[in-house]
Amino acid sequence: MTIKNSIERCPNCGGSDVTLNQKLGKLQCRYCRSVFEPELGNERDNVLLLKGKIVGKGAEKIIDEKVMVTLKCSACGSEVSVNTSEALTARCPWCRNTLSINDKLPNGAVPDMILPFKLSRRAAHRLMNKFVQDHRTLCKQEFADQFSEDNLMGVYLPYMVVDMNVHAEMAGVGEHQTRRYMVGSGDDAEWRYDADIYNVGRKFELIVDDLTIEASADKLNQDISVNTNNIVSAIMPFDTQNAVKWDARYTTGFAFEKRDVDIKELDKLVKLQVEDIMRYRMRDWISFYDRGVRWDRMQLEQKGVKWKTAYLPVWLYSYLDKKKDGSAVLHYVAVNGRTGELVGSVPVEKNKVWHWVGVVPTVCVGMAIALKIISLAIDGFISLSYLQMLLSIVAFFWALIAGVIVAVKSNEYKNKTARHMHEKDTAAAIKNVVEEDFYASAVHGSRYSQMYDRNDYKIKGIRTRNGRVQVRDNQSSNPLMIIIIFMIAMFVFPIAFFIFILLLV
């Protein structure tokens with residue numbers, strides 16, 4: 001049975017106790033147990049036919065609630081806009097119930113659709129509990145101790161859902177390897193590369209279906225030095241195609257955060273993410289250029305765009321990690337309320353890091369000093385130099401290996417590179433591709449297997465800091481490079497121990 005006009009009572013028995021059945025993801029009457037088939041709020045239109053700019057009612061500009069508010073009728077669920085500068089009460093035109101400011105919802109902040117919770121609190125707790133237990137080794141004890149089912153919050157977060165029909169043109173330079181060969185010999189031997197250079201051009205139609213982006217200023221601020229909002233973003237995508245028309249009863253028992261960002265503030269970030277999608281989808285059309293492509297020009301003509309707002313379900317466990325300098329970082333463990341996708345950030349306890357990295361080398365140094373003192377006290381009666389050397393080797397390799405492992409694990413715990421893979425996860429398609437490629441020149445004897453300035457893998461629309469879009473190349477988060485950097489850094493500590501102990505021998 002379809003629920004229309006947000007009617008609060010059960011159409012079968014007239015009961016008012018209608019709540020969300022999480023297992024089914026649908027509304028159910030607690031009296032007669034009737035389950036209501038929801039009305040979908042995300043029409044599956046042909047995006048390729050989308051023309052002009054369409055803005056859903058919930059995506060309209062948020063009007064100052066001190067002037068214009070939307071009052072929600074507690075009797076029938078209808079919404080009535082009222083200018084509060086003229087009146088503080090109104091009558092519902094549908095049921096004639098008297099409305100007051102106590103029932104208000106910010107104008108423009110009521111979403112067009114909502115995606116109900118499908119994952120129960122108990123199921124989310126099981127997933128999170130396993131995550132927390134797996135990270136107890138280095139995490140702050142308080143973080144683990146405070147974790148409980150009672151501290152697990154179900155919250156609906158606001159998002160913009162964007163469809164876009166684009167005519168796009170891309171132009172740049174691509175390189176195709178023609179030869180790979182070795183020059184020199186012995187230690188001086190190195191690989192060289194020859195390649196053909198082409199001017200590369202593509203014209204095509206791009207359709208983007210349900211690009212989803214945060215519509216909260218707080219969650220958009222993904223400055224990893226002060227918060228871990230990237231964790232919340234990383235649990236996407238949601239199955240937004242199953243979103244239903246807004247009904248407040250889906251939020252019963254859950255918290256929700258209202259939208260406070262308008263289309264104008266998101267427009268630039270959305271365009272950057274669409275460009276990321278273009279570059280990602282275009283890889284299938286430039287496979288010939290095995291050394292990469294540098295796109296110099298990307299031109300987008302929006303033939304049609306549709307904006308809608310949605311509340312999407314998230315299970316959250318949060319922990320405020322306070323520093324000695326007075327600063328604090330808010331850590332999240334988040335679970336997608338539909339798919340069960342879990343991503344978390346865990347505060348690392350410095351004392352535990354010291355325990356794993358520094359205790360054994362420190363003990364070894366202490367023992368080496370003690371042995372040196374004993375050796376001097378007995379005036380060379382017995383030589384302990386070999387034992388001292390053994391202790392120095394143990395200290396060296398323990399600090400090196402444990403340091404690298406802990407450094408890599410600490411990076412994993414904080415999960416700073418986690419993000420929503422919007423370029424990959426967003427439903428999109430490229431159609432009617434026109435290729436315009438022309439041979440330009442050749443390069444001989446290059447020392448590099450790839451173009452130096454290729455950008456076909458670059459991701460720009462990742463996050464914002466203080467309202468500004470940050471650009472980052474996704475290749476910069478190569479885990480091998482992180483390990484190498486940590487290994488080099490951790491060499492300093494054990495080598496210092498090694499030299500110190502050698503001086504004692």
# chains A, B, ... in the order shown; residues from 1 in each chain; ligands from 1

call {"tool": "closest_atom_pairs", "arguments": {"of": "range 312-340 of chain A", "to": "range 224-240 of chain A", "cutoff": "8 Å", "atoms": "only C-alpha atoms", "output": "tab-separated table"}}
result
residue	atom	partner	partner_atom	distance
A:Leu312	CA	A:Phe238	CA	7.6
A:Ala328	CA	A:Val226	CA	6.6
A:Val329	CA	A:Val226	CA	4.8
A:Leu330	CA	A:Asn227	CA	4.9
A:His331	CA	A:Thr228	CA	5.5
A:Tyr332	CA	A:Thr228	CA	6.4
A:Val333	CA	A:Ile231	CA	7.2
A:Ala334	CA	A:Val232	CA	5.9
A:Val335	CA	A:Ile235	CA	6.6
A:Asn336	CA	A:Ile235	CA	5.7
A:Arg338	CA	A:Phe238	CA	6.9
A:Thr339	CA	A:Phe238	CA	7.4

call {"tool": "residues_around", "arguments": {"residues": "Thr137 in chain A", "least_positions_apart": "3", "cutoff": "12 Å", "atoms": "only C-alpha atoms", "output": "ChimeraX atom specification"}}
result
/A:131-134,140-141,143-144,346-353,355-356,406,409-410,413

call {"tool": "residues_around", "arguments": {"residues": "Leu49 in chain A", "least_positions_apart": "2", "cutoff": "10 Å", "atoms": "only C-alpha atoms", "output": "JSON, numbers by chain"}}
result
{"A": [45, 46, 47, 51, 164, 165, 207, 303, 304]}

call {"tool": "write_last_selection", "arguments": {"atoms": "N, CA, C and O atoms", "output": "PDB file, in the first residue's frame"}}
result
ATOM      1  N   ASP A  45      15.008   8.309 -14.528  1.00  0.00           N
ATOM      2  CA  ASP A  45      14.857   8.949 -15.832  1.00  0.00           C
ATOM      3  C   ASP A  45      16.051   8.630 -16.726  1.00  0.00           C
ATOM      4  O   ASP A  45      17.120   8.243 -16.256  1.00  0.00           O
ATOM      5  N   ASN A  46      15.869   8.796 -18.000  1.00  0.00           N
ATOM      6  CA  ASN A  46      16.969   8.668 -18.949  1.00  0.00           C
ATOM      7  C   ASN A  46      17.797   9.954 -18.884  1.00  0.00           C
ATOM      8  O   ASN A  46      17.378  10.996 -19.380  1.00  0.00           O
ATOM      9  N   VAL A  47      18.958   9.867 -18.240  1.00  0.00           N
ATOM     10  CA  VAL A  47      19.773  11.063 -18.022  1.00  0.00           C
ATOM     11  C   VAL A  47      20.211  11.668 -19.346  1.00  0.00           C
ATOM     12  O   VAL A  47      20.420  12.880 -19.452  1.00  0.00           O
ATOM     13  N   LYS A  51      17.473  17.864 -19.863  1.00  0.00           N
ATOM     14  CA  LYS A  51      17.713  19.185 -20.435  1.00  0.00           C
ATOM     15  C   LYS A  51      17.480  20.259 -19.368  1.00  0.00           C
ATOM     16  O   LYS A  51      16.613  20.125 -18.507  1.00  0.00           O
ATOM     17  N   MET A 164      23.621  14.439 -14.310  1.00  0.00           N
ATOM     18  CA  MET A 164      24.140  15.430 -15.244  1.00  0.00           C
ATOM     19  C   MET A 164      24.292  14.818 -16.634  1.00  0.00           C
ATOM     20  O   MET A 164      24.774  13.693 -16.796  1.00  0.00           O
ATOM     21  N   ASN A 165      23.862  15.576 -17.610  1.00  0.00           N
ATOM     22  CA  ASN A 165      24.007  15.212 -19.028  1.00  0.00           C
ATOM     23  C   ASN A 165      24.966  16.220 -19.650  1.00  0.00           C
ATOM     24  O   ASN A 165      24.677  17.412 -19.694  1.00  0.00           O
ATOM     25  N   ILE A 207      27.049  10.846 -19.361  1.00  0.00           N
ATOM     26  CA  ILE A 207      25.899  10.888 -18.461  1.00  0.00           C
ATOM     27  C   ILE A 207      26.359  10.422 -17.082  1.00  0.00           C
ATOM     28  O   ILE A 207      27.051   9.421 -16.945  1.00  0.00           O
ATOM     29  N   LYS A 303      24.298  20.051 -20.675  1.00  0.00           N
ATOM     30  CA  LYS A 303      23.042  20.064 -21.429  1.00  0.00           C
ATOM     31  C   LYS A 303      21.848  19.948 -20.492  1.00  0.00           C
ATOM     32  O   LYS A 303      20.759  20.427 -20.780  1.00  0.00           O
ATOM     33  N   GLY A 304      22.087  19.273 -19.360  1.00  0.00           N
ATOM     34  CA  GLY A 304      21.024  19.123 -18.385  1.00  0.00           C
ATOM     35  C   GLY A 304      21.594  18.703 -17.047  1.00  0.00           C
ATOM     36  O   GLY A 304      22.582  17.966 -16.993  1.00  0.00           O
TER      37      GLY A 304
END

call {"tool": "select_by_dssp", "arguments": {"residues": "range 308-426 of chain A", "states": "strand (DSSP E or B)", "output": "number ranges by chain"}}
result
A: 308-322, 328-336, 342-344, 348

call {"tool": "residues_around", "arguments": {"residues": "Glu214 in chain A", "least_positions_apart": "6", "cutoff": "12 Å", "atoms": "only C-alpha atoms", "output": "ChimeraX atom specification"}}
result
/A:156-162,220-222,229-230,232-234,236-237,257-263,265-266,269-270,308-312,420,422,462-464

call {"tool": "residues_around", "arguments": {"residues": "Asp290 in chain A", "least_positions_apart": "5", "cutoff": "8 Å", "atoms": "only C-alpha atoms", "output": "mmCIF file with C-alpha atoms, in the first residue's frame"}}
result
data_model
loop_
_atom_site.group_PDB
_atom_site.id
_atom_site.type_symbol
_atom_site.label_atom_id
_atom_site.label_comp_id
_atom_site.auth_asym_id
_atom_site.auth_seq_id
_atom_site.Cartn_x
_atom_site.Cartn_y
_atom_site.Cartn_z
ATOM 1 C CA GLU A 175 52.706 8.806 -25.699
ATOM 2 C CA HIS A 176 52.931 5.252 -26.999
ATOM 3 C CA GLN A 177 56.042 3.177 -26.282
ATOM 4 C CA GLN A 450 55.807 6.949 -18.277
#

call {"tool": "decode", "arguments": {"residues": "range 30-66 of chain A", "atoms": "N, CA, C and O atoms", "output": "PDB file, in the first residue's frame"}}
result
ATOM      1  N   ARG A  30       2.561  -0.974  13.915  1.00  0.00           N
ATOM      2  CA  ARG A  30       2.777  -1.871  15.050  1.00  0.00           C
ATOM      3  C   ARG A  30       1.481  -2.505  15.560  1.00  0.00           C
ATOM      4  O   ARG A  30       1.523  -3.475  16.313  1.00  0.00           O
ATOM      5  N   TYR A  31       0.335  -1.960  15.128  1.00  0.00           N
ATOM      6  CA  TYR A  31      -0.943  -2.510  15.576  1.00  0.00           C
ATOM      7  C   TYR A  31      -1.391  -3.661  14.681  1.00  0.00           C
ATOM      8  O   TYR A  31      -1.616  -4.781  15.138  1.00  0.00           O
ATOM      9  N   CYS A  32      -1.504  -3.384  13.374  1.00  0.00           N
ATOM     10  CA  CYS A  32      -2.020  -4.422  12.468  1.00  0.00           C
ATOM     11  C   CYS A  32      -0.914  -5.106  11.674  1.00  0.00           C
ATOM     12  O   CYS A  32      -1.198  -5.998  10.879  1.00  0.00           O
ATOM     13  N   ARG A  33       0.353  -4.681  11.897  1.00  0.00           N
ATOM     14  CA  ARG A  33       1.538  -5.282  11.271  1.00  0.00           C
ATOM     15  C   ARG A  33       1.573  -5.107   9.761  1.00  0.00           C
ATOM     16  O   ARG A  33       2.292  -5.796   9.055  1.00  0.00           O
ATOM     17  N   SER A  34       0.785  -4.169   9.238  1.00  0.00           N
ATOM     18  CA  SER A  34       0.801  -3.911   7.799  1.00  0.00           C
ATOM     19  C   SER A  34       2.126  -3.273   7.398  1.00  0.00           C
ATOM     20  O   SER A  34       2.640  -2.387   8.085  1.00  0.00           O
ATOM     21  N   VAL A  35       2.666  -3.724   6.281  1.00  0.00           N
ATOM     22  CA  VAL A  35       3.897  -3.161   5.732  1.00  0.00           C
ATOM     23  C   VAL A  35       3.536  -2.353   4.499  1.00  0.00           C
ATOM     24  O   VAL A  35       2.800  -2.819   3.619  1.00  0.00           O
ATOM     25  N   PHE A  36       4.048  -1.121   4.434  1.00  0.00           N
ATOM     26  CA  PHE A  36       3.671  -0.228   3.349  1.00  0.00           C
ATOM     27  C   PHE A  36       4.784  -0.140   2.312  1.00  0.00           C
ATOM     28  O   PHE A  36       5.943   0.117   2.657  1.00  0.00           O
ATOM     29  N   GLU A  37       4.424  -0.378   1.089  1.00  0.00           N
ATOM     30  CA  GLU A  37       5.382  -0.221  -0.003  1.00  0.00           C
ATOM     31  C   GLU A  37       5.628   1.273  -0.221  1.00  0.00           C
ATOM     32  O   GLU A  37       4.690   2.010  -0.518  1.00  0.00           O
ATOM     33  N   PRO A  38       6.860   1.720  -0.069  1.00  0.00           N
ATOM     34  CA  PRO A  38       7.128   3.164  -0.188  1.00  0.00           C
ATOM     35  C   PRO A  38       7.085   3.621  -1.638  1.00  0.00           C
ATOM     36  O   PRO A  38       7.265   2.829  -2.570  1.00  0.00           O
ATOM     37  N   GLU A  39       6.845   4.893  -1.788  1.00  0.00           N
ATOM     38  CA  GLU A  39       6.875   5.504  -3.119  1.00  0.00           C
ATOM     39  C   GLU A  39       8.298   5.986  -3.381  1.00  0.00           C
ATOM     40  O   GLU A  39       8.856   6.773  -2.617  1.00  0.00           O
ATOM     41  N   LEU A  40       8.918   5.472  -4.427  1.00  0.00           N
ATOM     42  CA  LEU A  40      10.299   5.835  -4.731  1.00  0.00           C
ATOM     43  C   LEU A  40      10.418   7.339  -4.962  1.00  0.00           C
ATOM     44  O   LEU A  40       9.559   7.957  -5.598  1.00  0.00           O
ATOM     45  N   GLY A  41      11.495   7.901  -4.438  1.00  0.00           N
ATOM     46  CA  GLY A  41      11.693   9.340  -4.575  1.00  0.00           C
ATOM     47  C   GLY A  41      12.770   9.703  -5.563  1.00  0.00           C
ATOM     48  O   GLY A  41      13.083  10.871  -5.757  1.00  0.00           O
ATOM     49  N   ASN A  42      13.363   8.681  -6.205  1.00  0.00           N
ATOM     50  CA  ASN A  42      14.455   8.925  -7.147  1.00  0.00           C
ATOM     51  C   ASN A  42      14.096   8.289  -8.480  1.00  0.00           C
ATOM     52  O   ASN A  42      14.444   7.139  -8.758  1.00  0.00           O
ATOM     53  N   GLU A  43      13.363   9.024  -9.278  1.00  0.00           N
ATOM     54  CA  GLU A  43      12.884   8.496 -10.552  1.00  0.00           C
ATOM     55  C   GLU A  43      14.049   8.106 -11.449  1.00  0.00           C
ATOM     56  O   GLU A  43      15.039   8.819 -11.565  1.00  0.00           O
ATOM     57  N   ARG A  44      13.952   6.962 -12.101  1.00  0.00           N
ATOM     58  CA  ARG A  44      15.015   6.480 -12.971  1.00  0.00           C
ATOM     59  C   ARG A  44      14.797   7.021 -14.380  1.00  0.00           C
ATOM     60  O   ARG A  44      14.426   6.311 -15.315  1.00  0.00           O
ATOM     61  N   ASP A  45      15.008   8.309 -14.528  1.00  0.00           N
ATOM     62  CA  ASP A  45      14.857   8.949 -15.832  1.00  0.00           C
ATOM     63  C   ASP A  45      16.051   8.630 -16.726  1.00  0.00           C
ATOM     64  O   ASP A  45      17.120   8.243 -16.256  1.00  0.00           O
ATOM     65  N   ASN A  46      15.869   8.796 -18.000  1.00  0.00           N
ATOM     66  CA  ASN A  46      16.969   8.668 -18.949  1.00  0.00           C
ATOM     67  C   ASN A  46      17.797   9.954 -18.884  1.00  0.00           C
ATOM     68  O   ASN A  46      17.378  10.996 -19.380  1.00  0.00           O
ATOM     69  N   VAL A  47      18.958   9.867 -18.240  1.00  0.00           N
ATOM     70  CA  VAL A  47      19.773  11.063 -18.022  1.00  0.00           C
ATOM     71  C   VAL A  47      20.211  11.668 -19.346  1.00  0.00           C
ATOM     72  O   VAL A  47      20.420  12.880 -19.452  1.00  0.00           O
ATOM     73  N   LEU A  48      20.347  10.838 -20.375  1.00  0.00           N
ATOM     74  CA  LEU A  48      20.779  11.339 -21.680  1.00  0.00           C
ATOM     75  C   LEU A  48      19.775  12.326 -22.263  1.00  0.00           C
ATOM     76  O   LEU A  48      20.116  13.158 -23.107  1.00  0.00           O
ATOM     77  N   LEU A  49      18.522  12.256 -21.797  1.00  0.00           N
ATOM     78  CA  LEU A  49      17.475  13.162 -22.281  1.00  0.00           C
ATOM     79  C   LEU A  49      17.285  14.366 -21.364  1.00  0.00           C
ATOM     80  O   LEU A  49      16.424  15.212 -21.607  1.00  0.00           O
ATOM     81  N   LEU A  50      18.098  14.454 -20.317  1.00  0.00           N
ATOM     82  CA  LEU A  50      17.964  15.536 -19.347  1.00  0.00           C
ATOM     83  C   LEU A  50      18.354  16.876 -19.976  1.00  0.00           C
ATOM     84  O   LEU A  50      19.433  17.014 -20.558  1.00  0.00           O
ATOM     85  N   LYS A  51      17.473  17.864 -19.863  1.00  0.00           N
ATOM     86  CA  LYS A  51      17.713  19.185 -20.435  1.00  0.00           C
ATOM     87  C   LYS A  51      17.480  20.259 -19.368  1.00  0.00           C
ATOM     88  O   LYS A  51      16.613  20.125 -18.507  1.00  0.00           O
ATOM     89  N   GLY A  52      18.291  21.322 -19.434  1.00  0.00           N
ATOM     90  CA  GLY A  52      18.105  22.432 -18.518  1.00  0.00           C
ATOM     91  C   GLY A  52      18.525  22.091 -17.107  1.00  0.00           C
ATOM     92  O   GLY A  52      19.211  21.098 -16.849  1.00  0.00           O
ATOM     93  N   LYS A  53      18.100  22.915 -16.163  1.00  0.00           N
ATOM     94  CA  LYS A  53      18.447  22.744 -14.756  1.00  0.00           C
ATOM     95  C   LYS A  53      17.185  22.478 -13.951  1.00  0.00           C
ATOM     96  O   LYS A  53      16.263  23.283 -13.956  1.00  0.00           O
ATOM     97  N   ILE A  54      17.163  21.339 -13.292  1.00  0.00           N
ATOM     98  CA  ILE A  54      16.023  20.947 -12.473  1.00  0.00           C
ATOM     99  C   ILE A  54      16.491  20.872 -11.021  1.00  0.00           C
ATOM    100  O   ILE A  54      17.477  20.206 -10.716  1.00  0.00           O
ATOM    101  N   VAL A  55      15.788  21.569 -10.158  1.00  0.00           N
ATOM    102  CA  VAL A  55      16.144  21.587  -8.743  1.00  0.00           C
ATOM    103  C   VAL A  55      14.966  21.084  -7.935  1.00  0.00           C
ATOM    104  O   VAL A  55      13.865  21.637  -8.014  1.00  0.00           O
ATOM    105  N   GLY A  56      15.172  20.016  -7.188  1.00  0.00           N
ATOM    106  CA  GLY A  56      14.117  19.489  -6.338  1.00  0.00           C
ATOM    107  C   GLY A  56      13.752  20.478  -5.251  1.00  0.00           C
ATOM    108  O   GLY A  56      14.549  21.350  -4.881  1.00  0.00           O
ATOM    109  N   LYS A  57      12.559  20.332  -4.712  1.00  0.00           N
ATOM    110  CA  LYS A  57      12.094  21.260  -3.678  1.00  0.00           C
ATOM    111  C   LYS A  57      13.041  21.276  -2.491  1.00  0.00           C
ATOM    112  O   LYS A  57      13.334  22.324  -1.924  1.00  0.00           O
ATOM    113  N   GLY A  58      13.552  20.108  -2.127  1.00  0.00           N
ATOM    114  CA  GLY A  58      14.443  20.030  -0.990  1.00  0.00           C
ATOM    115  C   GLY A  58      15.826  20.572  -1.250  1.00  0.00           C
ATOM    116  O   GLY A  58      16.615  20.771  -0.321  1.00  0.00           O
ATOM    117  N   ALA A  59      16.182  20.789  -2.535  1.00  0.00           N
ATOM    118  CA  ALA A  59      17.504  21.302  -2.883  1.00  0.00           C
ATOM    119  C   ALA A  59      17.504  22.802  -3.120  1.00  0.00           C
ATOM    120  O   ALA A  59      18.547  23.382  -3.459  1.00  0.00           O
ATOM    121  N   GLU A  60      16.337  23.446  -2.961  1.00  0.00           N
ATOM    122  CA  GLU A  60      16.271  24.888  -3.138  1.00  0.00           C
ATOM    123  C   GLU A  60      17.098  25.598  -2.077  1.00  0.00           C
ATOM    124  O   GLU A  60      17.431  25.034  -1.036  1.00  0.00           O
ATOM    125  N   LYS A  61      17.392  26.847  -2.342  1.00  0.00           N
ATOM    126  CA  LYS A  61      18.205  27.627  -1.420  1.00  0.00           C
ATOM    127  C   LYS A  61      17.546  27.690  -0.053  1.00  0.00           C
ATOM    128  O   LYS A  61      16.343  27.928   0.071  1.00  0.00           O
ATOM    129  N   ILE A  62      18.356  27.468   0.979  1.00  0.00           N
ATOM    130  CA  ILE A  62      17.845  27.513   2.342  1.00  0.00           C
ATOM    131  C   ILE A  62      17.562  28.963   2.721  1.00  0.00           C
ATOM    132  O   ILE A  62      18.445  29.811   2.649  1.00  0.00           O
ATOM    133  N   ILE A  63      16.337  29.228   3.104  1.00  0.00           N
ATOM    134  CA  ILE A  63      15.930  30.584   3.473  1.00  0.00           C
ATOM    135  C   ILE A  63      16.070  30.752   4.976  1.00  0.00           C
ATOM    136  O   ILE A  63      15.788  29.838   5.748  1.00  0.00           O
ATOM    137  N   ASP A  64      16.520  31.922   5.386  1.00  0.00           N
ATOM    138  CA  ASP A  64      16.685  32.225   6.819  1.00  0.00           C
ATOM    139  C   ASP A  64      15.403  31.874   7.561  1.00  0.00           C
ATOM    140  O   ASP A  64      14.336  32.429   7.301  1.00  0.00           O
ATOM    141  N   GLU A  65      15.520  30.938   8.508  1.00  0.00           N
ATOM    142  CA  GLU A  65      14.331  30.464   9.206  1.00  0.00           C
ATOM    143  C   GLU A  65      13.685  31.552  10.061  1.00  0.00           C
ATOM    144  O   GLU A  65      12.574  31.389  10.535  1.00  0.00           O
ATOM    145  N   LYS A  66      14.376  32.661  10.289  1.00  0.00           N
ATOM    146  CA  LYS A  66      13.764  33.741  11.061  1.00  0.00           C
ATOM    147  C   LYS A  66      12.700  34.457  10.237  1.00  0.00           C
ATOM    148  O   LYS A  66      11.861  35.164  10.769  1.00  0.00           O
TER     149      LYS A  66
END
